[in-house]
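Structure file model-v1.txt with compact mmCIF, C-alpha atoms:
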```txt
# COMPACT_ATOMS: atom_id res chain seq x y z
CA MET A 2 24.09 5.00 2.63
CA SER A 3 23.59 7.50 -0.18
CA LEU A 4 20.07 7.56 -1.57
CA THR A 5 19.76 9.45 -4.84
CA PRO A 6 17.76 10.83 -6.44
CA PRO A 7 15.40 11.94 -3.68
CA LEU A 8 11.85 10.66 -3.94
CA ASN A 9 8.77 12.87 -3.91
CA LEU A 10 5.16 11.92 -3.23
CA ASN A 11 2.45 13.98 -4.91
CA ASN A 12 -1.04 14.63 -3.55
CA ASP A 13 -2.50 11.86 -5.71
CA GLY A 14 -0.27 9.21 -4.08
CA TRP A 15 2.25 8.79 -6.93
CA LEU A 16 6.03 8.74 -6.45
CA SER A 17 8.56 10.48 -8.59
CA PRO A 18 10.91 9.55 -9.97
CA ALA A 19 9.30 6.20 -10.69
CA ARG A 20 7.98 4.47 -13.77
CA HIS A 21 4.18 4.62 -13.54
CA CYS A 22 2.13 1.67 -14.84
CA PRO A 23 -1.41 2.25 -13.53
CA SER A 24 -3.05 -1.08 -12.66
CA PRO A 25 -6.79 -1.68 -12.93
CA HIS A 26 -6.45 -4.04 -9.95
CA CYS A 27 -7.14 -1.56 -7.19
CA ASP A 28 -10.04 0.26 -5.58
CA GLU A 29 -10.86 2.86 -2.97
CA ARG A 30 -9.64 2.27 0.56
CA PRO A 31 -12.14 2.17 3.40
CA ASP A 32 -11.83 4.99 5.91
CA GLY A 33 -8.92 4.67 8.30
CA ASP A 34 -5.21 5.17 8.53
CA ILE A 35 -2.64 3.57 6.31
CA SER A 36 -0.66 1.84 9.04
CA LEU A 37 1.25 -1.14 7.62
CA LEU A 38 4.01 -1.72 5.05
CA VAL A 39 4.15 -5.23 3.60
CA VAL A 40 7.29 -6.46 1.82
CA HIS A 41 6.76 -9.12 -0.86
CA CYS A 42 8.83 -10.75 -3.57
CA ILE A 43 7.98 -11.84 -7.08
CA SER A 44 9.68 -13.18 -10.20
CA LEU A 45 8.00 -14.29 -13.41
CA PRO A 46 8.47 -16.99 -14.44
CA PRO A 47 9.57 -18.08 -10.99
CA GLY A 48 13.30 -17.64 -10.51
CA ARG A 49 13.80 -15.53 -13.65
CA PHE A 50 14.47 -11.82 -13.47
CA GLY A 51 13.88 -9.02 -15.95
CA GLY A 52 11.36 -8.92 -18.74
CA PRO A 53 7.83 -7.53 -18.89
CA HIS A 54 5.93 -10.30 -17.13
CA ILE A 55 5.47 -8.72 -13.68
CA ASP A 56 4.11 -5.56 -15.30
CA ARG A 57 1.79 -7.64 -17.44
CA LEU A 58 0.48 -9.61 -14.44
CA PHE A 59 -0.28 -6.44 -12.47
CA LEU A 60 -1.83 -4.78 -15.55
CA GLY A 61 -4.04 -7.79 -16.27
CA ASN A 62 -2.57 -8.68 -19.66
CA LEU A 63 -0.22 -11.60 -18.94
CA ASN A 64 -0.20 -13.97 -21.93
CA PRO A 65 -0.88 -17.55 -20.72
CA ASN A 66 0.90 -18.95 -23.81
CA GLU A 67 4.29 -17.32 -23.08
CA ASP A 68 5.24 -19.76 -20.31
CA PRO A 69 3.54 -22.88 -18.87
CA TYR A 70 3.50 -21.24 -15.41
CA PHE A 71 1.45 -18.32 -16.72
CA ALA A 72 -1.48 -20.59 -17.62
CA GLY A 73 -2.29 -20.93 -13.92
CA ILE A 74 -1.95 -17.26 -12.97
CA HIS A 75 -2.84 -15.11 -15.99
CA GLN A 76 -6.42 -14.61 -14.81
CA LEU A 77 -5.46 -13.35 -11.33
CA LYS A 78 -6.44 -9.81 -10.42
CA VAL A 79 -3.49 -8.77 -8.29
CA SER A 80 -1.31 -5.72 -7.91
CA ALA A 81 1.12 -4.03 -5.58
CA HIS A 82 1.73 -0.39 -4.96
CA CYS A 83 5.34 -0.66 -6.12
CA LEU A 84 7.94 -3.04 -7.50
CA ILE A 85 11.67 -2.64 -6.96
CA ARG A 86 13.59 -4.42 -9.71
CA ARG A 87 17.02 -6.03 -9.23
CA ASP A 88 18.79 -2.91 -10.53
CA GLY A 89 16.81 -0.65 -8.16
CA GLU A 90 14.33 0.58 -10.76
CA LEU A 91 11.14 1.72 -9.03
CA VAL A 92 7.82 0.93 -10.71
CA GLN A 93 4.53 2.13 -9.26
CA TYR A 94 1.24 0.45 -10.18
CA VAL A 95 -1.20 1.85 -7.63
CA PRO A 96 -1.18 5.23 -5.88
CA PHE A 97 -0.74 4.87 -2.12
CA ASN A 98 -4.12 6.43 -1.36
CA LYS A 99 -5.83 3.51 -3.16
CA ARG A 100 -6.06 -0.13 -2.10
CA ALA A 101 -3.78 -2.44 -4.09
CA TRP A 102 -4.66 -6.14 -4.16
CA HIS A 103 -1.42 -7.60 -2.79
CA ALA A 104 -2.07 -9.27 0.56
CA GLY A 105 -4.96 -11.64 -0.09
CA LEU A 106 -6.29 -13.51 2.92
CA SER A 107 -4.32 -11.81 5.68
CA CYS A 108 -4.33 -10.65 9.30
CA PHE A 109 -2.12 -8.32 11.36
CA GLU A 110 -2.56 -7.84 15.11
CA GLY A 111 -6.05 -9.33 14.92
CA ARG A 112 -7.17 -7.10 12.03
CA GLU A 113 -8.07 -8.93 8.83
CA ARG A 114 -8.02 -7.67 5.25
CA CYS A 115 -4.58 -6.08 5.36
CA ASN A 116 -5.07 -4.56 1.90
CA ASP A 117 -7.45 -2.09 3.56
CA PHE A 118 -4.73 -0.45 5.65
CA SER A 119 -1.40 -1.43 4.09
CA ILE A 120 1.01 -0.53 1.33
CA GLY A 121 2.51 -3.42 -0.62
CA ILE A 122 6.06 -3.27 -1.98
CA GLU A 123 7.30 -6.10 -4.20
CA LEU A 124 10.99 -6.88 -4.59
CA GLU A 125 11.99 -8.69 -7.76
CA GLY A 126 13.39 -11.89 -6.32
CA THR A 127 12.59 -15.25 -4.80
CA ASP A 128 11.82 -16.27 -1.25
CA THR A 129 14.91 -18.50 -1.24
CA GLY A 130 17.40 -16.01 -2.72
CA SER A 131 19.01 -12.78 -1.66
CA TYR A 132 18.33 -9.24 -2.80
CA THR A 133 20.65 -6.64 -4.33
CA ALA A 134 22.22 -3.59 -2.70
CA ALA A 135 20.35 -1.44 -5.24
CA GLN A 136 17.04 -2.93 -4.06
CA TYR A 137 17.83 -2.22 -0.41
CA ARG A 138 18.83 1.37 -1.24
CA GLN A 139 15.54 1.93 -3.06
CA LEU A 140 13.47 0.11 -0.41
CA THR A 141 15.12 2.26 2.26
CA ALA A 142 14.33 5.46 0.34
CA VAL A 143 10.70 4.46 -0.25
CA SER A 144 10.26 3.29 3.35
CA ARG A 145 11.67 6.52 4.79
CA LEU A 146 9.32 8.56 2.63
CA LEU A 147 6.33 6.42 3.67
CA LEU A 148 7.25 6.58 7.36
CA ALA A 149 7.37 10.38 7.10
CA HIS A 150 4.12 10.66 5.15
CA TYR A 151 2.07 8.03 7.01
CA PRO A 152 2.90 8.37 10.73
CA ALA A 153 0.85 5.28 11.64
CA ILE A 154 3.47 3.20 9.78
CA THR A 155 6.32 2.64 12.20
CA PRO A 156 9.37 0.38 11.87
CA ALA A 157 7.49 -2.20 13.97
CA ARG A 158 4.73 -2.15 11.36
CA ILE A 159 7.00 -3.11 8.45
CA VAL A 160 6.36 -6.81 7.88
CA GLY A 161 6.76 -9.56 5.34
CA HIS A 162 3.92 -11.20 3.46
CA SER A 163 4.76 -14.30 5.49
CA ASP A 164 3.96 -12.39 8.71
CA ILE A 165 0.40 -11.54 7.66
CA ALA A 166 -0.35 -14.81 5.84
CA PRO A 167 1.63 -17.45 7.78
CA GLY A 168 1.44 -20.93 6.35
CA ARG A 169 0.19 -19.51 3.06
CA LYS A 170 3.07 -17.21 2.06
CA THR A 171 6.82 -17.31 2.65
CA ASP A 172 8.00 -14.06 1.07
CA PRO A 173 10.15 -12.06 1.20
CA GLY A 174 11.99 -15.18 2.39
CA THR A 175 15.05 -16.27 4.26
CA GLY A 176 17.44 -14.17 2.16
CA PHE A 177 15.78 -10.89 3.12
CA ASP A 178 17.88 -8.68 5.42
CA TRP A 179 15.50 -7.39 8.09
CA ASP A 180 18.31 -5.23 9.51
CA PHE A 181 17.30 -2.72 6.83
CA VAL A 182 14.47 -1.66 9.19
CA GLU A 183 17.00 -0.70 11.87
CA ARG A 184 19.01 1.23 9.29
CA LEU A 185 15.92 3.36 8.52
CA GLN A 186 16.70 5.27 11.73
CA GLU A 187 20.17 6.23 10.48
CA ALA A 188 20.83 9.55 8.78
CA PRO A 189 20.59 9.36 4.99
```
What is this structure when it is put down as structure tokens?
Amino acid sequence: MSLTPPLNLNNDGWLSPARHCPSPHCDERPDGDISLLVVHCISLPPGRFGGPHIDRLFLGNLNPNEDPYFAGIHQLKVSAHCLIRRDGELVQYVPFNKRAWHAGLSCFEGRERCNDFSIGIELEGTDTGSYTAAQYRQLTAVSRLLLAHYPAITPARIVGHSDIAPGRKTDPGTGFDWDFVERLQEAP
């Protein structure tokens, strides 16, 4: 699988190349290792792809009058570290050294507050649909970089939102190909 262009991570926790949209919905991490990668999915409005609405939600300026669904979520203070759009575009909202607000009420291996020690990657999609080859290529590239940079993140510690918030969340959903984790071991 060819992954181009190569990704770089600077000392401030920002990826390049990526479109940077700094979110106010983040804060300092508590001391400790970054040791978990959480895969999510999002589409706004639900089931529709493209447009500026995901950016606006994570930046805190989603207009509640643009869609009836937005009236119930526009006030949320949420973010993710990155979003991978359907065409593979990579958008970063929060540097990896900061805590993004993506997991909510969550627990992994008996440890609560997964935002404290995780990185959240959103895929533009739905928890009932499938994802694109471009998204898997980009997710693989980002995951390989994170595995190299944060040794406490291992393939066994790449999980779905549904794994850390069972009964509350179902993403990335039944259409997500978890074999991508096994392919992380293959040569690029």
- Message: Could you tell me how far CA of Lys170 in chain A sits from CA of Gly105 in chain A, in Å to one decimal place?
- Response: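 Between CA of Gly105 in chain A and CA of Lys170 in chain A the gap works out to 10.0 Å.
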- Choose the residue, out of A:Gly126, A:Pro69, A:Gly161, A:Pro46, that has the smallest atom-to-atom separation from Leu84 in chain A; count only C-alpha atoms. A:Gly126
- Query: Leaving out range 50-55 of chain A and any residue of its chain fewer than 4 positions from it, which residues lie within 12 Å of it when counting all atoms listed in the file, given as a ChimeraX atom specification?
  - Reply: /A:22,24,42-46,59-65,67-68,70-71,74-75,79-81,83-90,92-94,123-127,130,132
Emit as lines of an AutoDock Vina configuration file the padded axis-aligned box for all listed atoms of range 161-179 of chain A, 8 Å per side, with centre and edge lengths in Å to one decimal.
```
center_x = 8.8
center_y = -14.2
center_z = 4.9
size_x = 34.2
size_y = 29.5
size_z = 23.6
```
- Message: Please list as a VMD selection string every residue within 12 Å of Pro6 in chain A, counting only C-alpha atoms and excluding residues in the same chain fewer than 4 positions away.
- Response: chain A and resid 16 to 19 89 to 91 138 to 139 142 to 143 189
- Note on the structure: Of A:Val182, A:Ala134, A:Val95, A:Ile154, the one nearest to Phe118 in chain A when counting only C-alpha atoms is A:Ile154
- Separation of CA of Glu187 in chain A and CA of Ile122 in chain A, in Å?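 According to the coordinates, CA of Glu187 in chain A and CA of Ile122 in chain A are separated by 21.1 Å.
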- Message: So that I can see what lies close to Phe177 in chain A, please list as a PyMOL selection string the residues with an atom at most 9 Å from it, counting all atoms listed in the file and leaving out residues fewer than 4 positions away in the same chain.
- Response: chain A and resi 128-132+172-173
With C-alpha atoms retained, export the selected residues as a compact mmCIF listing (two decimals), in the frame of the given file.
```txt
# COMPACT_ATOMS: atom_id res chain seq x y z
CA ASP A 128 11.82 -16.27 -1.25
CA THR A 129 14.91 -18.50 -1.24
CA GLY A 130 17.40 -16.01 -2.72
CA SER A 131 19.01 -12.78 -1.66
CA TYR A 132 18.33 -9.24 -2.80
CA ASP A 172 8.00 -14.06 1.07
CA PRO A 173 10.15 -12.06 1.20
```
- CA of Ile120 in chain A to CA of Leu148 in chain A, straight-line distance in Å: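 Pair CA of Leu148 in chain A / CA of Ile120 in chain A returns 11.2 Å.
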